[in-house]
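> My structure is stored as input.cif, with mmCIF, C-alpha atoms.
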data_structure
loop_
_atom_site.label_atom_id
_atom_site.label_comp_id
_atom_site.auth_asym_id
_atom_site.auth_seq_id
_atom_site.Cartn_x
_atom_site.Cartn_y
_atom_site.Cartn_z
CA MET A 1 2.62 -65.91 -38.51
CA PRO A 2 0.05 -65.28 -41.28
CA ASN A 3 1.35 -66.08 -44.77
CA GLY A 4 0.41 -62.63 -46.07
CA LEU A 5 3.13 -60.99 -44.00
CA ILE A 6 5.93 -62.71 -45.83
CA LEU A 7 4.58 -62.37 -49.36
CA ILE A 8 6.37 -59.83 -51.50
CA GLU A 9 4.56 -58.28 -54.42
CA LYS A 10 6.43 -58.61 -57.70
CA ALA A 11 7.78 -55.23 -58.78
CA PRO A 12 6.52 -53.86 -62.10
CA THR A 13 8.75 -53.68 -65.16
CA THR A 14 7.50 -50.65 -67.07
CA ILE A 15 8.66 -48.35 -69.83
CA ARG A 16 8.14 -45.39 -67.47
CA GLY A 17 10.37 -47.12 -64.91
CA ALA A 18 13.03 -47.90 -67.51
CA ARG A 19 13.02 -44.28 -68.70
CA ASN A 20 13.44 -43.06 -65.13
CA LEU A 21 16.26 -45.53 -64.41
CA LEU A 22 18.13 -44.63 -67.57
CA SER A 23 17.65 -40.86 -67.40
CA VAL A 24 18.85 -40.52 -63.82
CA ALA A 25 21.76 -42.97 -64.28
CA ILE A 26 23.09 -40.93 -67.22
CA GLN A 27 22.52 -37.68 -65.36
CA TYR A 28 24.36 -39.00 -62.31
CA GLY A 29 27.34 -40.05 -64.43
CA ASN A 30 27.30 -36.58 -65.96
CA ALA A 31 27.26 -34.92 -62.53
CA PHE A 32 30.09 -37.16 -61.31
CA GLY A 33 32.13 -36.27 -64.39
CA GLN A 34 31.75 -32.63 -63.40
CA GLY A 35 33.14 -33.38 -59.94
CA MET A 36 29.91 -33.80 -57.96
CA GLN A 37 29.69 -36.79 -55.65
CA ALA A 38 25.94 -36.28 -55.22
CA ALA A 39 23.41 -34.30 -57.23
CA THR A 40 19.73 -33.37 -57.11
CA LEU A 41 18.16 -35.01 -60.14
CA LYS A 42 14.87 -36.20 -61.55
CA PRO A 43 13.94 -38.03 -64.76
CA ALA A 44 14.00 -35.79 -67.83
CA ASP A 45 10.27 -36.19 -68.46
CA PHE A 46 9.65 -34.30 -65.22
CA PHE A 47 11.93 -31.31 -65.84
CA GLY A 48 9.79 -28.20 -65.34
CA ASN A 49 7.16 -30.07 -63.31
CA ASP A 50 7.24 -28.65 -59.77
CA ASP A 51 4.95 -31.44 -58.53
CA ILE A 52 7.82 -33.90 -59.02
CA LEU A 53 10.67 -33.17 -56.65
CA TYR A 54 14.35 -33.41 -57.40
CA LEU A 55 15.91 -36.19 -55.32
CA MET A 56 19.44 -36.41 -53.98
CA GLU A 57 21.19 -39.09 -56.01
CA ASP A 58 24.58 -40.59 -55.25
CA MET A 59 26.84 -43.37 -56.49
CA ALA A 60 24.71 -46.11 -54.97
CA THR A 61 21.55 -45.04 -56.76
CA GLY A 62 23.41 -44.54 -60.05
CA GLU A 63 24.85 -48.03 -59.68
CA ILE A 64 21.51 -49.59 -58.78
CA ARG A 65 19.73 -47.98 -61.72
CA LEU A 66 22.17 -49.41 -64.30
CA SER A 67 22.23 -52.75 -62.52
CA ILE A 68 18.45 -53.05 -62.77
CA LEU A 69 18.52 -52.18 -66.48
CA TRP A 70 21.30 -54.73 -67.09
CA GLU A 71 19.18 -57.40 -65.37
CA TRP A 72 16.10 -56.48 -67.41
CA VAL A 73 18.00 -56.67 -70.71
CA HIS A 74 20.13 -59.74 -70.05
CA LYS A 75 17.51 -61.80 -68.26
CA GLY A 76 14.69 -60.89 -70.63
CA ALA A 77 12.39 -59.16 -68.16
CA THR A 78 8.76 -59.09 -69.17
CA ILE A 79 7.07 -55.70 -69.44
CA THR A 80 4.15 -55.62 -67.00
CA ASP A 81 2.13 -52.68 -68.38
CA ASP A 82 1.14 -51.42 -71.82
CA ASP A 83 2.87 -48.20 -72.89
CA ALA A 84 0.85 -46.17 -75.38
CA GLY A 85 3.76 -43.87 -76.25
CA THR A 86 5.99 -46.68 -77.49
CA GLY A 87 3.44 -49.29 -78.51
CA ILE A 88 5.06 -51.74 -76.11
CA LYS A 89 2.54 -54.15 -74.60
CA ALA A 90 2.42 -56.03 -71.34
CA GLY A 91 4.16 -59.35 -71.99
CA ASP A 92 6.76 -57.92 -74.40
CA VAL A 93 10.38 -58.63 -73.48
CA PHE A 94 12.72 -55.86 -72.39
CA SER A 95 15.35 -56.40 -75.09
CA MET A 96 18.58 -54.68 -76.10
CA VAL A 97 16.68 -53.18 -79.05
CA LEU A 98 14.18 -51.65 -76.63
CA PHE A 99 17.00 -50.38 -74.41
CA GLU A 100 18.64 -48.71 -77.43
CA ARG A 101 15.36 -47.10 -78.41
CA LEU A 102 14.80 -45.69 -74.93
CA LEU A 103 18.44 -44.60 -74.70
CA GLU A 104 18.08 -42.47 -77.83
CA ASN A 105 14.82 -40.95 -76.55
CA GLU A 106 16.15 -40.15 -73.09
CA TYR A 107 19.49 -38.85 -74.32
CA GLU A 108 17.74 -36.49 -76.73
CA LYS A 109 15.68 -35.10 -73.83
CA LEU A 110 18.87 -34.47 -71.84
CA LEU A 111 20.47 -32.66 -74.76
CA LYS A 112 17.39 -30.43 -75.08
CA ALA A 113 17.10 -29.76 -71.32
CA ASN A 114 17.64 -26.27 -70.00
CA ASN A 115 20.83 -25.32 -68.17
CA LYS A 116 19.11 -25.74 -64.77
CA ASP A 117 18.59 -29.45 -65.35
CA VAL A 118 21.61 -30.34 -67.51
CA PHE A 119 24.47 -27.87 -67.64
CA ASP A 120 24.83 -26.67 -71.20
CA GLU A 121 28.63 -27.03 -71.13
CA SER A 122 28.33 -30.71 -70.15
CA LYS A 123 26.28 -31.57 -73.24
CA THR A 124 29.47 -31.76 -75.33
CA THR A 125 31.83 -33.02 -72.62
CA THR A 126 30.73 -35.18 -69.68
CA LEU A 127 27.19 -36.05 -70.81
CA PRO A 128 28.32 -37.97 -73.93
CA ILE A 129 30.90 -39.77 -71.78
CA SER A 130 28.22 -40.74 -69.28
CA ARG A 131 26.12 -42.06 -72.15
CA GLU A 132 29.05 -44.17 -73.39
CA ILE A 133 29.56 -45.59 -69.90
CA ALA A 134 25.87 -46.54 -69.65
CA VAL A 135 25.98 -48.17 -73.09
CA ALA A 136 29.12 -50.17 -72.24
CA TYR A 137 27.66 -51.27 -68.91
CA ILE A 138 24.37 -52.45 -70.41
CA HIS A 139 25.94 -54.05 -73.50
CA SER A 140 28.49 -56.04 -71.50
CA LYS A 141 27.69 -59.74 -71.50
CA VAL A 142 29.34 -59.90 -68.09
CA LYS A 143 27.68 -57.80 -65.41
CA LEU A 144 30.21 -55.26 -64.20
CA PRO A 145 30.41 -55.02 -60.42
CA TRP A 146 31.27 -51.32 -60.18
CA PHE A 147 29.83 -48.38 -62.14
CA ILE A 148 32.21 -46.16 -60.11
CA ASP A 149 35.27 -47.70 -61.78
CA LEU A 150 34.10 -46.53 -65.20
CA LEU A 151 33.34 -43.08 -63.83
CA ASN A 152 36.65 -42.78 -61.97
CA ILE A 153 38.85 -43.68 -64.94
CA ASN A 154 37.09 -40.92 -66.90
CA LEU A 155 37.16 -38.23 -64.23
CA ASN A 156 38.53 -34.95 -65.63
CA ILE A 157 38.13 -36.26 -69.19
CA SER A 158 36.01 -34.24 -71.60
CA ASN A 159 36.87 -36.01 -74.86
CA VAL A 160 34.48 -38.83 -75.73
CA ASP A 161 37.06 -40.63 -77.91
CA GLU A 162 39.52 -40.77 -75.00
CA ALA A 163 36.71 -41.96 -72.73
CA LYS A 164 35.83 -44.76 -75.17
CA LYS A 165 39.46 -45.95 -75.10
CA ARG A 166 39.41 -46.01 -71.31
CA ILE A 167 36.05 -47.77 -71.18
CA ASN A 168 37.29 -50.42 -73.64
CA MET A 169 40.53 -50.84 -71.66
CA TYR A 170 38.50 -51.44 -68.50
CA MET A 171 36.04 -53.81 -70.19
CA ASP A 172 38.82 -55.85 -71.81
CA ALA A 173 40.71 -56.22 -68.51
CA PHE A 174 37.62 -57.13 -66.53
CA ILE A 175 36.25 -59.63 -69.03
CA LYS A 176 39.69 -61.24 -69.52
CA ASP A 177 40.39 -62.08 -65.88
CA GLY A 178 38.23 -59.97 -63.57
CA THR A 179 40.80 -57.19 -63.20
CA ARG A 180 39.33 -53.90 -62.03
CA ILE A 181 41.21 -50.79 -63.08
CA THR A 182 40.87 -48.47 -60.11
CA GLU A 183 44.02 -46.39 -60.29
CA ASN A 184 44.24 -43.04 -62.04
CA VAL A 185 45.27 -44.06 -65.56
CA ASP A 186 46.79 -40.62 -66.15
CA PHE A 187 49.58 -41.51 -63.70
CA VAL A 188 50.17 -45.16 -64.58
#
Before anything else, please render the file you have as structure tokens.

Amino acid sequence: MPNGLILIEKAPTTIRGARNLLSVAIQYGNAFGQGMQAATLKPADFFGNDDILYLMEDMATGEIRLSILWEWVHKGATITDDDAGTGIKAGDVFSMVLFERLLENEYEKLLKANNKDVFDESKTTTLPISREIAVAYIHSKVKLPWFIDLLNINLNISNVDEAKKRINMYMDAFIKDGTRITENVDFV
């Protein structure tokens, strides 16, 4: 067998890719919080661009997107391409500071999106909760195995302060001894 058939090209680590991962992960969490198991989404930078199609996203893709970002932050991924918009250069490290910067940019775009792309009502209910979940997931020193757990314990919650309590409860239990909270905490 020729060697070229088993070589795998290293995937790029780009600001555009990070923006896409983050935007769609937050949007998926928002959709889930509204009771949708799957949703047609695209990165916020492409709202209004009919050349970029909406794709059906589900739990697996939401989970994968945050998992990739966690890996980039915690393992110090190296940016592979210059990004004129941010001033980030190829060779720079994908740090927590960079994640926070992109988070603020992408979240602002979601807040400004029209009702077709991000339901207006969700901008003060489930969207901020989805943001908090993404932040907790990425900031955790321990990689969480299940994004769905954080979404499930916040299902039917529209108060971000209550969501933060639930997220912290989950994080504390998991980091302490690996306990996953999967039951409905409203009935425990």
> Going by the chain IDs and residue numbers used in this file, which residues fall under the PyMOL selection byres ((chain A and resi 100) around 12)? Write them as an mmCIF file with C-alpha atoms, keeping the file's coordinate frame.

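What follows is the written file out_11.cif:
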data_model
loop_
_atom_site.group_PDB
_atom_site.id
_atom_site.type_symbol
_atom_site.label_atom_id
_atom_site.label_comp_id
_atom_site.auth_asym_id
_atom_site.auth_seq_id
_atom_site.Cartn_x
_atom_site.Cartn_y
_atom_site.Cartn_z
ATOM 1 C CA ALA A 18 13.030 -47.900 -67.510
ATOM 2 C CA ARG A 19 13.020 -44.280 -68.700
ATOM 3 C CA LEU A 22 18.130 -44.630 -67.570
ATOM 4 C CA LEU A 69 18.520 -52.180 -66.480
ATOM 5 C CA VAL A 73 18.000 -56.670 -70.710
ATOM 6 C CA PHE A 94 12.720 -55.860 -72.390
ATOM 7 C CA SER A 95 15.350 -56.400 -75.090
ATOM 8 C CA MET A 96 18.580 -54.680 -76.100
ATOM 9 C CA VAL A 97 16.680 -53.180 -79.050
ATOM 10 C CA LEU A 98 14.180 -51.650 -76.630
ATOM 11 C CA PHE A 99 17.000 -50.380 -74.410
ATOM 12 C CA ARG A 101 15.360 -47.100 -78.410
ATOM 13 C CA LEU A 102 14.800 -45.690 -74.930
ATOM 14 C CA LEU A 103 18.440 -44.600 -74.700
ATOM 15 C CA GLU A 104 18.080 -42.470 -77.830
ATOM 16 C CA ASN A 105 14.820 -40.950 -76.550
ATOM 17 C CA GLU A 106 16.150 -40.150 -73.090
ATOM 18 C CA TYR A 107 19.490 -38.850 -74.320
ATOM 19 C CA ARG A 131 26.120 -42.060 -72.150
ATOM 20 C CA ALA A 134 25.870 -46.540 -69.650
ATOM 21 C CA VAL A 135 25.980 -48.170 -73.090
ATOM 22 C CA ALA A 136 29.120 -50.170 -72.240
ATOM 23 C CA ILE A 138 24.370 -52.450 -70.410
ATOM 24 C CA HIS A 139 25.940 -54.050 -73.500
#
> How would you write, as a ChimeraX atom specification, the residues chosen by the PyMOL selection byres ((chain A and resi 156-158) around 10) on this structure?
/A:32-35,122,124-129,151-155,159-163
> From the options A:Ser67, A:Asn114, A:Thr182, A:Thr13, which residue's atoms come nearest to Ile148 (chain A), counting all atoms listed in the file?
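Counting all atoms listed in the file, the residue closest to Ile148 (chain A) is A:Thr182.
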> For a quick check of understanding, using only C-alpha atoms, which of A:Ala173, A:Val118, A:Met59, A:Val142 has the smallest distance to His74 (chain A)?
A:Val142
> Counting all atoms listed in the file, which residue out of A:Phe147, A:Asp117, A:Thr40, A:Val93 sits closest to Ala60 (chain A)?
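Counting all atoms listed in the file, the residue closest to Ala60 (chain A) is A:Phe147.
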> Hey, can you check how far CA of Gln37 (chain A) sits from CA of Ala11 (chain A)?
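Computing the Euclidean distance for CA of Gln37 (chain A) and CA of Ala11 (chain A) yields 28.8 Å.
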> Please list as a ChimeraX atom specification every residue within 12 Å of Asp172 (chain A), counting all atoms listed in the file and excluding residues in the same chain fewer than 6 positions away.
/A:136,140-142,144,164-166,178-181
> Produce region 37-188 of chain A of the given structure as output with C-alpha atoms, as a CSV table (one decimal), in the first residue's frame.

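As a result, result_15.csv now contains:
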chain,number,residue,atom,x,y,z
A,37,GLN,CA,-33.7,18.4,19.9
A,38,ALA,CA,-32.4,19.5,16.6
A,39,ALA,CA,-32.2,22.9,14.8
A,40,THR,CA,-31.2,24.3,11.5
A,41,LEU,CA,-28.3,26.7,12.3
A,42,LYS,CA,-25.3,28.4,10.8
A,43,PRO,CA,-22.6,30.6,12.2
A,44,ALA,CA,-23.7,34.1,13.0
A,45,ASP,CA,-21.3,35.7,10.5
A,46,PHE,CA,-23.4,34.0,7.7
A,47,PHE,CA,-26.9,35.1,8.8
A,48,GLY,CA,-28.5,36.7,5.8
A,49,ASN,CA,-26.1,35.0,3.3
A,50,ASP,CA,-28.1,32.7,1.2
A,51,ASP,CA,-25.0,31.2,-0.3
A,52,ILE,CA,-24.3,29.6,3.1
A,53,LEU,CA,-26.9,27.0,4.0
A,54,TYR,CA,-28.4,26.3,7.4
A,55,LEU,CA,-27.3,22.8,8.6
A,56,MET,CA,-29.3,20.5,10.8
A,57,GLU,CA,-27.4,20.4,14.1
A,58,ASP,CA,-28.1,18.1,17.0
A,59,MET,CA,-26.6,17.1,20.4
A,60,ALA,CA,-23.6,15.4,18.9
A,61,THR,CA,-22.5,18.4,16.8
A,62,GLY,CA,-23.1,20.7,19.8
A,63,GLU,CA,-21.0,18.4,22.0
A,64,ILE,CA,-18.2,18.1,19.4
A,65,ARG,CA,-18.0,21.8,18.8
A,66,LEU,CA,-17.4,22.6,22.5
A,67,SER,CA,-15.1,19.6,22.9
A,68,ILE,CA,-12.9,20.9,20.1
A,69,LEU,CA,-12.7,24.3,21.6
A,70,TRP,CA,-11.9,22.8,25.1
A,71,GLU,CA,-9.0,20.9,23.4
A,72,TRP,CA,-7.7,24.0,21.7
A,73,VAL,CA,-7.7,26.1,24.9
A,74,HIS,CA,-6.4,23.5,27.3
A,75,LYS,CA,-3.8,21.9,25.1
A,76,GLY,CA,-2.6,25.2,23.6
A,77,ALA,CA,-3.4,24.7,20.0
A,78,THR,CA,-1.4,26.7,17.6
A,79,ILE,CA,-3.3,29.0,15.2
A,80,THR,CA,-2.5,27.9,11.6
A,81,ASP,CA,-3.6,31.0,9.6
A,82,ASP,CA,-3.3,34.8,10.1
A,83,ASP,CA,-6.6,36.5,10.9
A,84,ALA,CA,-6.7,40.2,9.8
A,85,GLY,CA,-9.8,40.9,11.7
A,86,THR,CA,-8.3,40.0,15.1
A,87,GLY,CA,-4.6,40.6,14.5
A,88,ILE,CA,-4.0,37.0,15.4
A,89,LYS,CA,-1.1,35.5,13.5
A,90,ALA,CA,-0.2,31.9,12.5
A,91,GLY,CA,1.8,30.5,15.3
A,92,ASP,CA,-0.1,32.3,18.1
A,93,VAL,CA,-1.6,30.0,20.8
A,94,PHE,CA,-5.3,29.6,21.2
A,95,SER,CA,-5.6,30.7,24.8
A,96,MET,CA,-8.4,31.3,27.3
A,97,VAL,CA,-8.0,35.0,26.7
A,98,LEU,CA,-8.5,34.5,23.0
A,99,PHE,CA,-11.6,32.3,23.7
A,100,GLU,CA,-13.1,35.0,25.9
A,101,ARG,CA,-12.5,37.6,23.2
A,102,LEU,CA,-14.2,35.5,20.6
A,103,LEU,CA,-17.0,34.6,23.0
A,104,GLU,CA,-17.8,38.3,23.5
A,105,ASN,CA,-17.8,38.9,19.7
A,106,GLU,CA,-19.9,35.9,18.8
A,107,TYR,CA,-22.4,36.5,21.6
A,108,GLU,CA,-22.9,40.1,20.6
A,109,LYS,CA,-23.7,38.9,17.1
A,110,LEU,CA,-26.3,36.5,18.4
A,111,LEU,CA,-27.9,39.2,20.5
A,112,LYS,CA,-28.1,41.5,17.4
A,113,ALA,CA,-29.4,38.7,15.1
A,114,ASN,CA,-32.9,38.9,13.7
A,115,ASN,CA,-35.8,36.8,15.0
A,116,LYS,CA,-35.4,34.3,12.1
A,117,ASP,CA,-31.9,33.3,13.3
A,118,VAL,CA,-32.2,33.8,17.1
A,119,PHE,CA,-35.6,34.1,18.6
A,120,ASP,CA,-35.9,37.5,20.2
A,121,GLU,CA,-37.6,36.0,23.3
A,122,SER,CA,-34.6,33.7,23.8
A,123,LYS,CA,-32.1,36.6,24.0
A,124,THR,CA,-33.1,37.2,27.7
A,125,THR,CA,-33.9,33.6,28.7
A,126,THR,CA,-32.2,30.5,27.1
A,127,LEU,CA,-29.5,32.3,25.1
A,128,PRO,CA,-27.7,33.7,28.2
A,129,ILE,CA,-28.0,30.2,29.8
A,130,SER,CA,-26.4,28.6,26.8
A,131,ARG,CA,-23.6,31.1,27.0
A,132,GLU,CA,-23.0,30.3,30.7
A,133,ILE,CA,-22.9,26.5,29.9
A,134,ALA,CA,-20.4,27.1,27.1
A,135,VAL,CA,-18.2,29.2,29.5
A,136,ALA,CA,-18.4,26.6,32.3
A,137,TYR,CA,-17.5,23.8,29.8
A,138,ILE,CA,-14.5,25.6,28.3
A,139,HIS,CA,-13.2,27.0,31.7
A,140,SER,CA,-13.4,23.6,33.4
A,141,LYS,CA,-9.9,22.3,34.1
A,142,VAL,CA,-11.4,18.8,33.8
A,143,LYS,CA,-13.0,18.0,30.4
A,144,LEU,CA,-16.6,17.3,31.0
A,145,PRO,CA,-17.8,14.2,29.2
A,146,TRP,CA,-21.4,15.3,28.5
A,147,PHE,CA,-22.6,18.7,27.3
A,148,ILE,CA,-26.2,17.2,27.4
A,149,ASP,CA,-26.0,17.0,31.2
A,150,LEU,CA,-25.6,20.7,31.5
A,151,LEU,CA,-28.4,21.3,29.1
A,152,ASN,CA,-30.8,18.8,30.7
A,153,ILE,CA,-30.4,20.2,34.2
A,154,ASN,CA,-31.3,23.6,32.8
A,155,LEU,CA,-34.3,22.6,30.6
A,156,ASN,CA,-37.3,24.7,31.3
A,157,ILE,CA,-35.2,27.3,33.2
A,158,SER,CA,-35.2,30.9,31.9
A,159,ASN,CA,-33.4,32.5,34.8
A,160,VAL,CA,-29.7,32.8,34.3
A,161,ASP,CA,-28.9,33.0,38.1
A,162,GLU,CA,-30.8,29.7,38.7
A,163,ALA,CA,-28.9,28.2,35.7
A,164,LYS,CA,-25.5,29.3,37.2
A,165,LYS,CA,-26.4,27.5,40.5
A,166,ARG,CA,-27.2,24.4,38.6
A,167,ILE,CA,-24.1,24.6,36.4
A,168,ASN,CA,-22.0,25.1,39.6
A,169,MET,CA,-23.7,22.2,41.3
A,170,TYR,CA,-23.0,19.9,38.4
A,171,MET,CA,-19.3,21.1,38.1
A,172,ASP,CA,-18.7,20.7,41.8
A,173,ALA,CA,-20.1,17.1,41.8
A,174,PHE,CA,-18.3,16.0,38.7
A,175,ILE,CA,-14.9,17.5,39.7
A,176,LYS,CA,-15.2,16.1,43.2
A,177,ASP,CA,-15.7,12.4,42.3
A,178,GLY,CA,-16.9,12.1,38.7
A,179,THR,CA,-20.6,12.2,39.6
A,180,ARG,CA,-22.9,13.1,36.7
A,181,ILE,CA,-26.2,14.8,37.7
A,182,THR,CA,-28.6,13.4,35.1
A,183,GLU,CA,-31.9,13.5,37.0
A,184,ASN,CA,-34.4,16.3,36.9
A,185,VAL,CA,-33.2,18.5,39.8
A,186,ASP,CA,-36.7,20.0,40.1
A,187,PHE,CA,-37.9,16.7,41.4
A,188,VAL,CA,-35.0,15.6,43.6
